[in-house]
Amino acid sequence: MEVIKTMRRLIHFMLFSFIMTLTVSARQYTGSIKGQVVESDTQAPLPGANVLILDTTLGAASDNEGFFAIDDVPAGSYSLQFQFIGYQKVVKTDVIVKSNRVTTVNAELRFAVVEMQGITVTGGYFPETDAQAVSAINFSNEEIRRSAGSHGDVSRIIAMLPSVAPTTDQTNNLVVRGGNPGENAFYVDNVQIPNINHFPTEGSAGGALGILNVDFIDDVDFYAGGFSSAYGDRLSSVMDITFREGSRERLTGQVDLNWAGFGIVGEGPLARQKGAWLFSARKSYLDLVVRAIDVGNTIAPRYGDYQGKMVYDINQNHKISLLAVWSEDANRADKQTAIENDMIVFMNQDIQQNTMGVNWRALWSANGYSNTSFAYTMERYDEEAFDTGTEDLLMDNDSWRHLFALRNSSHFRLSPSSFIDFGLDGKLAIAQFHNFYGEQIDPAGKPLPPLRVENKSRANLIGGFFNYSLLPFEKMTIRLGCRVDHSSMNGNVQFAPRAEFSFRLSPVTTLQASAGLYYQQLPIELLSKNRDLLQLKSTRAAHFIFGVSRLLTENTKFTCELYRKDYDHFPLSAEQPQFFIIDEPFYNNGFYRQHQELFDIGKAYSEGIEMMVQKKLAKNIYGLASLSWFRSRYQDYDQTWRDRLFDQRMIASIEGGYKPSNKWEFSLHWIYSGGRPYTPFDVEKSIEANTGVLNSNLVNQARYPHFNYLNLRVDRRWHFSRTNLVLYLSVYNALNRQNVSAYYWNSAEERIDTIYQWGSLPIFGIEYEF
């Protein structure tokens with residue numbers, strides 16, 4: 001009832017705001033569109049490119065440095081078309097023009113060998129993503145912001161893709177093609193950030209909700225497999241994010257208020273418009289929300305983040321950008337809170353993360369460019385975990401980590417039909433652990449003595465890559481690459497060849513294939529428990545992908561991909577032969593503490609088929625519908641094949657919306673998936689031990705119920721003479737379905753109990769720009 005009352009209040013507020021705006025003058029307010037048009041392969045400016053606002057008479061041509069400006073554009077939503085003779089057309093949708101503001105839209109045009117041969121290339125809404133044809137997708141800032149399922153979290157919009165399996169709504173872990181969340185990499189402006197989430201899982205890449213401010217994001221490229229050899233030390237996926245620049249015209253600001261917190265954004269020019277700065281600060285008030293609304297639990301974590309970007313043009317060919325991302329998280333719980341929320345363990349947490357980096361973009365000639373970055377990352381964990389029943393100390397984690405990273409990537413065009421990419425990267429990681437683990441019973445029922453870990457580790461990873469791209473004739477593209485890495489932890493040198501092939505059957509249909517090897521170091525949190533573990537081999541995966549894509553219309557694309565991933569060198573334990581240790585920490589951190597001797601003999605595989613239809617916003621309607629079927633399994637220490645924790649078998653999802661005007665927008669996000677595997681409790685042993693004991697004979701042989709939820713959202717925009725306002729209202733889990741998060745052992749009542757995910761939850765947000 002409390003949820004319904006709150007929803008009514010928000011709806012009444014929205015209607016009141018709408019009625020009040022009817023008194024505002026009907027004057028048509030205007031803004032401007034500015035940007036730069038460059039060649040994708042060299043980043044060289046394209047003078048004389050035509051820029052047209054579709055369905056209007058407004059447009060411009062780029063100047064000698066590729067810049068363009070379109071002034072006096074009525075506030076609203078548009079599609080922007082870029083054309084230049086000899087290059088593929090590009091259409092940018094969801095270009096939002098705001099009153100008294102400058103909207104920056106940059107475009108990269110790719111050389112069109114096919115078009116030069118007299119064949120008309122249709123489309124423009126779906127340009128190739130960084131020259132990668134397979135398993136790649138791009139999202140713009142507005143596509144992320146308005147998503148009914150993202151809630152301002154970039155990872156959650158990626159989670160709607162057919163290659164990503166849902167876990168629980170309390171986390172935004174990306175489970176890509178059957179792999180675990182630790183197999184994914186994140187880059188922002190050529191700087192790798194180990195984890196982009198609040199309340200991160202130590203040693204993983206997942207967490208509770210995103211750190212990155214969506215308003216900062218220009219666009220996102222996501223690679224679900226077969227990614228370039230420019231990326232190393234990850235087995236499953238890469239998310240490459242580009243932050244926009246701040247305003248070079250004038251000082252502007254924005255205030256955000258949503259269901260979880262409050263934030264401010266400021267931006268403005270530097271050094272007579274030779275640069276710009278952008279800064280944001282956000283703080284949560286989720287504790288107030290939990291007290292006011294019944295969301296299914298009384299846990300009230302606190303968190304905040306601060307991020308900024310500065311850009312300075314040294315000259316026309318050289319640009320320096322500075323990036324900083326900080327976050328801080330705190331959580332306090334006691335026995336009573338744990339009992340109220342069906343928690344078998346309660347924790348006190350203080351977590352800090354920050355990444356600072358500088359990137360130098362250099363145009364060396366008309367045929368090449370490079371990006372070179374240096375970054376520093378600090379992570380600090382101070383955590384205590386207690387048993388709810390006895391209040392005994394289970395874990396005291398005091399650890400910190402420093403990461404120094406250098407990365408260079410260069411791209412040169414040898415001829416109109418051949419290109420090379422090459423570069424180097426190096427990392428130095430320093431970690432220190434002061435950890436204590438109390439006496440307890442492990443998940444399989446074995447007693448564990450107390451353990452203290454005092455360890456300081458130092459490791460480096462040095463790598464290099466080379467790619468060669470060739471268009472032997474007008475319909476075919478071949479990309480060959482390799483990567484070489486050396487790790488000081490185990491002393492191994494890893495050689496990872498990769499290849500990609502695409503063939504255009506017609507102007508609207510393309511076949512693609514990719515194959516390659518990928519390596520990843522084991523988490524230092526695991527290796528720190530025993531120095532003998534440093535000799536374990538790095539995990540390895542072989543990717544094999546085949547797909548077809550077809551333009552159904554100019555703005556609607558169908559893709560179908562089949563894939564296979566073969567893993568080896570996973571660590572296994574003779575003490576717990578049935579369990580796949582590398583997956584378990586994401587659900588039970590106790591697995592990290594107990595394994596003193598491991599063997600790198602574990603194997604696994606993932607295979608599946610994915611289908612997706614994506615429609616860009618050309619006229620009123622946009623959306624993405626997908627369906628996937630897959631299997632993800634591992635071979636345990638006894639050579640028995642078992643399902644991995646993320647083997648959900650089937651996923652179906654729909655994300656889309658209707659935009660009847662420049663003022664209103666209605667959207668939804670629906671997802672359905674099969675149940676996750678889990679290991680059931682051994683009831684007799686659990687009663688005897690007075691704690692949950694898993695049945696080792698039935699590891700991952702039971703399944704949770706299927707997962708099904710629907711999110712709804714409505715947006716309303718207002719434009720005033722010098723300011724803009726966006727108000728949105730969303731209903732999370734509109735069906736109020738009781739999706740199971742986990743089963744746990746209730747020691748007090750000596751029985752199995754259920755933890756459910758969030759019920760129906762109203763979510764609102766206000767964005768005011770000035």
# chains A, B, ... in the order shown; residues from 1 in each chain; ligands from 1
>>> residues_around(residues="Tyr29 of chain A", least_positions_apart="4", cutoff="8 Å", atoms="only C-alpha atoms", output="mmCIF file with C-alpha atoms, in the first residue's frame")
data_model
loop_
_atom_site.group_PDB
_atom_site.id
_atom_site.type_symbol
_atom_site.label_atom_id
_atom_site.label_comp_id
_atom_site.auth_asym_id
_atom_site.auth_seq_id
_atom_site.Cartn_x
_atom_site.Cartn_y
_atom_site.Cartn_z
ATOM 1 C CA PRO A 74 14.153 24.766 -32.257
ATOM 2 C CA ALA A 75 14.480 22.841 -29.000
ATOM 3 C CA SER A 99 17.036 25.860 -24.991
ATOM 4 C CA ASN A 100 19.949 28.301 -24.831
ATOM 5 C CA HIS A 719 12.177 24.092 -22.404
ATOM 6 C CA PHE A 720 12.270 27.615 -20.982
ATOM 7 C CA SER A 721 14.067 30.736 -22.196
#
>>> select_by_dssp(residues="segment 220-355 of chain A", states="helix (DSSP H, G or I)", output="JSON list (two decimals) with N, CA, C and O atoms, in the first residue's frame")
[["chain", "number", "residue", "atom", "x", "y", "z"],
["A", 286, "LEU", "N", 19.67, 7.08, 0.03],
["A", 286, "LEU", "CA", 18.90, 5.85, -0.03],
["A", 286, "LEU", "C", 18.39, 5.44, 1.35],
["A", 286, "LEU", "O", 17.36, 4.77, 1.46],
["A", 287, "ASP", "N", 19.08, 5.84, 2.39],
["A", 287, "ASP", "CA", 18.61, 5.53, 3.75],
["A", 287, "ASP", "C", 17.26, 6.18, 4.02],
["A", 287, "ASP", "O", 16.40, 5.61, 4.69],
["A", 288, "LEU", "N", 17.05, 7.39, 3.47],
["A", 288, "LEU", "CA", 15.75, 8.04, 3.64],
["A", 288, "LEU", "C", 14.66, 7.34, 2.85],
["A", 288, "LEU", "O", 13.52, 7.24, 3.30],
["A", 289, "VAL", "N", 15.02, 6.86, 1.65],
["A", 289, "VAL", "CA", 14.06, 6.14, 0.82],
["A", 289, "VAL", "C", 13.62, 4.86, 1.50],
["A", 289, "VAL", "O", 12.42, 4.51, 1.53],
["A", 290, "VAL", "N", 14.58, 4.14, 2.08],
["A", 290, "VAL", "CA", 14.26, 2.87, 2.74],
["A", 290, "VAL", "C", 13.31, 3.09, 3.91],
["A", 290, "VAL", "O", 12.40, 2.29, 4.17],
["A", 291, "ARG", "N", 13.49, 4.20, 4.62],
["A", 291, "ARG", "CA", 12.59, 4.49, 5.74],
["A", 291, "ARG", "C", 11.20, 4.91, 5.28],
["A", 291, "ARG", "O", 10.21, 4.66, 5.97],
["A", 292, "ALA", "N", 11.11, 5.55, 4.10],
["A", 292, "ALA", "CA", 9.83, 6.09, 3.64],
["A", 292, "ALA", "C", 9.01, 5.09, 2.85],
["A", 292, "ALA", "O", 7.78, 5.14, 2.85],
["A", 335, "LYS", "N", 22.75, -7.03, 14.11],
["A", 335, "LYS", "CA", 22.02, -8.30, 14.16],
["A", 335, "LYS", "C", 20.55, -8.11, 13.86],
["A", 335, "LYS", "O", 19.96, -8.90, 13.11],
["A", 336, "GLN", "N", 19.96, -7.04, 14.40],
["A", 336, "GLN", "CA", 18.53, -6.82, 14.18],
["A", 336, "GLN", "C", 18.23, -6.56, 12.71],
["A", 336, "GLN", "O", 17.26, -7.08, 12.15],
["A", 337, "THR", "N", 19.07, -5.76, 12.07],
["A", 337, "THR", "CA", 18.90, -5.52, 10.63],
["A", 337, "THR", "C", 19.02, -6.80, 9.84],
["A", 337, "THR", "O", 18.27, -7.04, 8.89],
["A", 338, "ALA", "N", 19.98, -7.64, 10.22],
["A", 338, "ALA", "CA", 20.17, -8.91, 9.53],
["A", 338, "ALA", "C", 18.95, -9.82, 9.69],
["A", 338, "ALA", "O", 18.51, -10.47, 8.72],
["A", 339, "ILE", "N", 18.37, -9.85, 10.86],
["A", 339, "ILE", "CA", 17.19, -10.68, 11.09],
["A", 339, "ILE", "C", 16.01, -10.17, 10.26],
["A", 339, "ILE", "O", 15.27, -10.94, 9.64],
["A", 340, "GLU", "N", 15.84, -8.85, 10.21],
["A", 340, "GLU", "CA", 14.74, -8.26, 9.46],
["A", 340, "GLU", "C", 14.85, -8.54, 7.96],
["A", 340, "GLU", "O", 13.84, -8.61, 7.26]]
>>> atom_distance(atom1="atom CA of Pro416 of chain A", atom2="atom CA of Thr242 of chain A")
26.7 Å
>>> atom_distance(atom1="atom CA of Val683 of chain A", atom2="atom CA of Asp442 of chain A")
15.0 Å
>>> residues_around(residues="Tyr285 of chain A", least_positions_apart="5", cutoff="12 Å", atoms="only C-alpha atoms", output="ChimeraX atom specification")
/A:257-263,290-292,300-304
>>> residues_around(residues="Ala148 of chain A", least_positions_apart="4", cutoff="8 Å", atoms="only C-alpha atoms", output="list in words")
Glu655, Ser667, Leu668, His669, Asn711, Leu712, Arg713 and Ser730 of chain A
>>> atom_distance(atom1="atom CA of Glu610 of chain A", atom2="atom CA of Val176 of chain A")
12.0 Å
>>> residues_around(residues="segment 558-561 of chain A", least_positions_apart="4", cutoff="6 Å", atoms="only C-alpha atoms", output="list in words")
Phe546, Gly547, Val548, Ser549, Arg550, Ile609, Glu610, Met611, Met612 and Val613 of chain A
>>> write_last_selection(atoms="all heavy atoms", output="PDB file, in the first residue's frame")
ATOM      1  N   PHE A 546      30.415 -17.010 -35.385  1.00  0.00           N
ATOM      2  CA  PHE A 546      29.939 -16.885 -36.764  1.00  0.00           C
ATOM      3  C   PHE A 546      28.590 -16.188 -36.730  1.00  0.00           C
ATOM      4  O   PHE A 546      27.728 -16.526 -35.920  1.00  0.00           O
ATOM      5  CB  PHE A 546      29.790 -18.251 -37.433  1.00  0.00           C
ATOM      6  CG  PHE A 546      29.217 -18.180 -38.825  1.00  0.00           C
ATOM      7  CD1 PHE A 546      30.027 -17.818 -39.893  1.00  0.00           C
ATOM      8  CD2 PHE A 546      27.866 -18.430 -39.059  1.00  0.00           C
ATOM      9  CE1 PHE A 546      29.508 -17.725 -41.172  1.00  0.00           C
ATOM     10  CE2 PHE A 546      27.343 -18.342 -40.331  1.00  0.00           C
ATOM     11  CZ  PHE A 546      28.164 -17.993 -41.399  1.00  0.00           C
ATOM     12  N   GLY A 547      28.403 -15.188 -37.605  1.00  0.00           N
ATOM     13  CA  GLY A 547      27.157 -14.438 -37.568  1.00  0.00           C
ATOM     14  C   GLY A 547      26.754 -13.884 -38.911  1.00  0.00           C
ATOM     15  O   GLY A 547      27.524 -13.887 -39.886  1.00  0.00           O
ATOM     16  N   VAL A 548      25.519 -13.405 -38.963  1.00  0.00           N
ATOM     17  CA  VAL A 548      24.981 -12.745 -40.141  1.00  0.00           C
ATOM     18  C   VAL A 548      24.202 -11.527 -39.679  1.00  0.00           C
ATOM     19  O   VAL A 548      23.528 -11.556 -38.638  1.00  0.00           O
ATOM     20  CB  VAL A 548      24.075 -13.692 -40.956  1.00  0.00           C
ATOM     21  CG1 VAL A 548      22.911 -14.193 -40.103  1.00  0.00           C
ATOM     22  CG2 VAL A 548      23.562 -13.016 -42.226  1.00  0.00           C
ATOM     23  N   SER A 549      24.327 -10.434 -40.390  1.00  0.00           N
ATOM     24  CA  SER A 549      23.555  -9.233 -40.086  1.00  0.00           C
ATOM     25  C   SER A 549      22.858  -8.766 -41.364  1.00  0.00           C
ATOM     26  O   SER A 549      23.393  -8.914 -42.466  1.00  0.00           O
ATOM     27  CB  SER A 549      24.454  -8.116 -39.544  1.00  0.00           C
ATOM     28  OG  SER A 549      25.389  -7.700 -40.521  1.00  0.00           O
ATOM     29  N   ARG A 550      21.657  -8.196 -41.174  1.00  0.00           N
ATOM     30  CA  ARG A 550      20.889  -7.745 -42.327  1.00  0.00           C
ATOM     31  C   ARG A 550      20.093  -6.504 -41.941  1.00  0.00           C
ATOM     32  O   ARG A 550      19.442  -6.470 -40.889  1.00  0.00           O
ATOM     33  CB  ARG A 550      19.938  -8.832 -42.824  1.00  0.00           C
ATOM     34  CG  ARG A 550      19.113  -8.419 -44.038  1.00  0.00           C
ATOM     35  CD  ARG A 550      18.255  -9.551 -44.563  1.00  0.00           C
ATOM     36  NE  ARG A 550      17.436  -9.126 -45.690  1.00  0.00           N
ATOM     37  CZ  ARG A 550      17.851  -9.073 -46.943  1.00  0.00           C
ATOM     38  NH1 ARG A 550      19.098  -9.432 -47.233  1.00  0.00           N
ATOM     39  NH2 ARG A 550      17.051  -8.669 -47.917  1.00  0.00           N
ATOM     40  N   ILE A 609      23.403 -19.475 -29.259  1.00  0.00           N
ATOM     41  CA  ILE A 609      22.947 -18.732 -30.421  1.00  0.00           C
ATOM     42  C   ILE A 609      22.178 -17.515 -29.923  1.00  0.00           C
ATOM     43  O   ILE A 609      21.416 -17.603 -28.953  1.00  0.00           O
ATOM     44  CB  ILE A 609      22.074 -19.604 -31.351  1.00  0.00           C
ATOM     45  CG1 ILE A 609      21.612 -18.783 -32.564  1.00  0.00           C
ATOM     46  CG2 ILE A 609      20.885 -20.199 -30.606  1.00  0.00           C
ATOM     47  CD1 ILE A 609      20.920 -19.620 -33.631  1.00  0.00           C
ATOM     48  N   GLU A 610      22.402 -16.371 -30.558  1.00  0.00           N
ATOM     49  CA  GLU A 610      21.768 -15.112 -30.161  1.00  0.00           C
ATOM     50  C   GLU A 610      21.142 -14.443 -31.376  1.00  0.00           C
ATOM     51  O   GLU A 610      21.756 -14.384 -32.449  1.00  0.00           O
ATOM     52  CB  GLU A 610      22.799 -14.158 -29.546  1.00  0.00           C
ATOM     53  CG  GLU A 610      23.506 -14.721 -28.323  1.00  0.00           C
ATOM     54  CD  GLU A 610      24.694 -13.907 -27.893  1.00  0.00           C
ATOM     55  OE1 GLU A 610      25.079 -12.958 -28.626  1.00  0.00           O
ATOM     56  OE2 GLU A 610      25.271 -14.221 -26.834  1.00  0.00           O
ATOM     57  N   MET A 611      19.932 -13.948 -31.205  1.00  0.00           N
ATOM     58  CA  MET A 611      19.240 -13.199 -32.257  1.00  0.00           C
ATOM     59  C   MET A 611      18.767 -11.870 -31.695  1.00  0.00           C
ATOM     60  O   MET A 611      18.278 -11.810 -30.558  1.00  0.00           O
ATOM     61  CB  MET A 611      18.062 -14.002 -32.807  1.00  0.00           C
ATOM     62  CG  MET A 611      18.467 -15.249 -33.562  1.00  0.00           C
ATOM     63  SD  MET A 611      17.051 -16.246 -34.093  1.00  0.00           S
ATOM     64  CE  MET A 611      16.569 -16.958 -32.515  1.00  0.00           C
ATOM     65  N   MET A 612      18.895 -10.825 -32.497  1.00  0.00           N
ATOM     66  CA  MET A 612      18.539  -9.496 -32.016  1.00  0.00           C
ATOM     67  C   MET A 612      18.043  -8.635 -33.167  1.00  0.00           C
ATOM     68  O   MET A 612      18.578  -8.674 -34.280  1.00  0.00           O
ATOM     69  CB  MET A 612      19.750  -8.829 -31.356  1.00  0.00           C
ATOM     70  CG  MET A 612      19.482  -7.448 -30.794  1.00  0.00           C
ATOM     71  SD  MET A 612      20.904  -6.781 -29.877  1.00  0.00           S
ATOM     72  CE  MET A 612      22.096  -6.589 -31.220  1.00  0.00           C
ATOM     73  N   VAL A 613      16.991  -7.869 -32.909  1.00  0.00           N
ATOM     74  CA  VAL A 613      16.494  -6.849 -33.834  1.00  0.00           C
ATOM     75  C   VAL A 613      16.578  -5.513 -33.120  1.00  0.00           C
ATOM     76  O   VAL A 613      16.028  -5.355 -32.021  1.00  0.00           O
ATOM     77  CB  VAL A 613      15.048  -7.126 -34.280  1.00  0.00           C
ATOM     78  CG1 VAL A 613      14.543  -5.991 -35.175  1.00  0.00           C
ATOM     79  CG2 VAL A 613      14.955  -8.454 -35.024  1.00  0.00           C
TER      80      VAL A 613
END
>>> closest_residue(among="A:Tyr78, A:Ala748, A:Glu767, A:Ala702", to="Thr388 of chain A", atoms="only C-alpha atoms")
A:Ala748
>>> residues_around(residues="Gly178 of chain A", least_positions_apart="6", cutoff="6 Å", atoms="only C-alpha atoms", output="list in words")
Ser606, Ser632 and Phe646 of chain A
>>> closest_residue(among="A:Asn555, A:Ala333, A:His402, A:Tyr743", to="Tyr376 of chain A", atoms="only C-alpha atoms")
A:His402
>>> select_by_dssp(residues="segment 207-320 of chain A", states="strand (DSSP E or B)", output="ChimeraX atom specification")
/A:209-210,217-223,237-243,252-258,261-270,275-284,302-313,318-320
>>> write_last_selection(atoms="C-alpha atoms", output="short mmCIF file (atom, residue, chain, number, x, y, z; two decimals), in the first residue's frame")
data_model
loop_
_atom_site.label_atom_id
_atom_site.label_comp_id
_atom_site.auth_asym_id
_atom_site.auth_seq_id
_atom_site.Cartn_x
_atom_site.Cartn_y
_atom_site.Cartn_z
CA LEU A 209 25.16 0.17 -9.04
CA GLY A 210 27.23 2.26 -11.41
CA ILE A 217 28.95 9.59 -21.41
CA ASP A 218 29.11 10.44 -25.11
CA ASP A 219 28.75 6.85 -26.29
CA VAL A 220 29.57 3.25 -25.37
CA ASP A 221 31.01 0.45 -27.48
CA PHE A 222 30.40 -3.01 -26.05
CA TYR A 223 32.18 -6.13 -27.35
CA SER A 237 33.96 -8.79 -22.89
CA VAL A 238 35.10 -5.18 -23.14
CA MET A 239 33.10 -2.00 -22.50
CA ASP A 240 34.80 1.03 -24.08
CA ILE A 241 33.28 4.33 -22.90
CA THR A 242 33.90 7.81 -24.27
CA PHE A 243 33.26 10.79 -22.00
CA THR A 252 26.55 25.87 -17.48
CA GLY A 253 25.21 23.67 -14.73
CA GLN A 254 22.74 20.94 -13.91
CA VAL A 255 21.03 19.69 -10.76
CA ASP A 256 19.83 16.08 -10.56
CA LEU A 257 17.43 14.61 -8.04
CA ASN A 258 16.34 10.99 -8.27
CA GLY A 261 20.44 10.58 -4.50
CA PHE A 262 21.24 14.18 -5.35
CA GLY A 263 23.85 15.45 -7.78
CA ILE A 264 25.28 18.54 -9.45
CA VAL A 265 27.11 18.95 -12.76
CA GLY A 266 29.18 21.93 -13.84
CA GLU A 267 31.08 22.64 -17.05
CA GLY A 268 32.73 25.49 -18.90
CA PRO A 269 35.52 26.67 -21.19
CA LEU A 270 39.26 26.79 -20.54
CA GLY A 275 39.80 23.53 -23.76
CA ALA A 276 36.95 22.69 -21.42
CA TRP A 277 36.23 21.22 -18.00
CA LEU A 278 33.44 18.99 -16.71
CA PHE A 279 32.75 18.02 -13.09
CA SER A 280 30.04 16.22 -11.13
CA ALA A 281 29.36 15.29 -7.51
CA ARG A 282 26.62 12.93 -6.31
CA LYS A 283 25.51 11.76 -2.88
CA SER A 284 22.94 9.14 -1.96
CA ARG A 302 25.41 5.27 1.79
CA TYR A 303 27.58 6.16 -1.16
CA GLY A 304 28.87 9.06 -3.21
CA ASP A 305 31.00 9.72 -6.28
CA TYR A 306 32.95 12.56 -7.86
CA GLN A 307 34.22 12.67 -11.41
CA GLY A 308 35.73 15.16 -13.77
CA LYS A 309 37.33 15.64 -17.16
CA MET A 310 39.54 18.43 -18.53
CA VAL A 311 40.57 18.81 -22.16
CA TYR A 312 43.18 21.14 -23.63
CA ASP A 313 44.17 21.55 -27.28
CA HIS A 318 47.67 17.34 -30.25
CA LYS A 319 45.18 17.17 -27.40
CA ILE A 320 45.59 16.38 -23.70
#
>>> residues_around(residues="Met378 of chain A", least_positions_apart="5", cutoff="10 Å", atoms="only C-alpha atoms", output="PyMOL selection string")
chain A and resi 194+326+352-356+400-404+429-431
>>> closest_residue(among="A:Ala385, A:Lys603, A:Ser469, A:Asp169", to="Ser760 of chain A", atoms="only C-alpha atoms")
A:Asp169
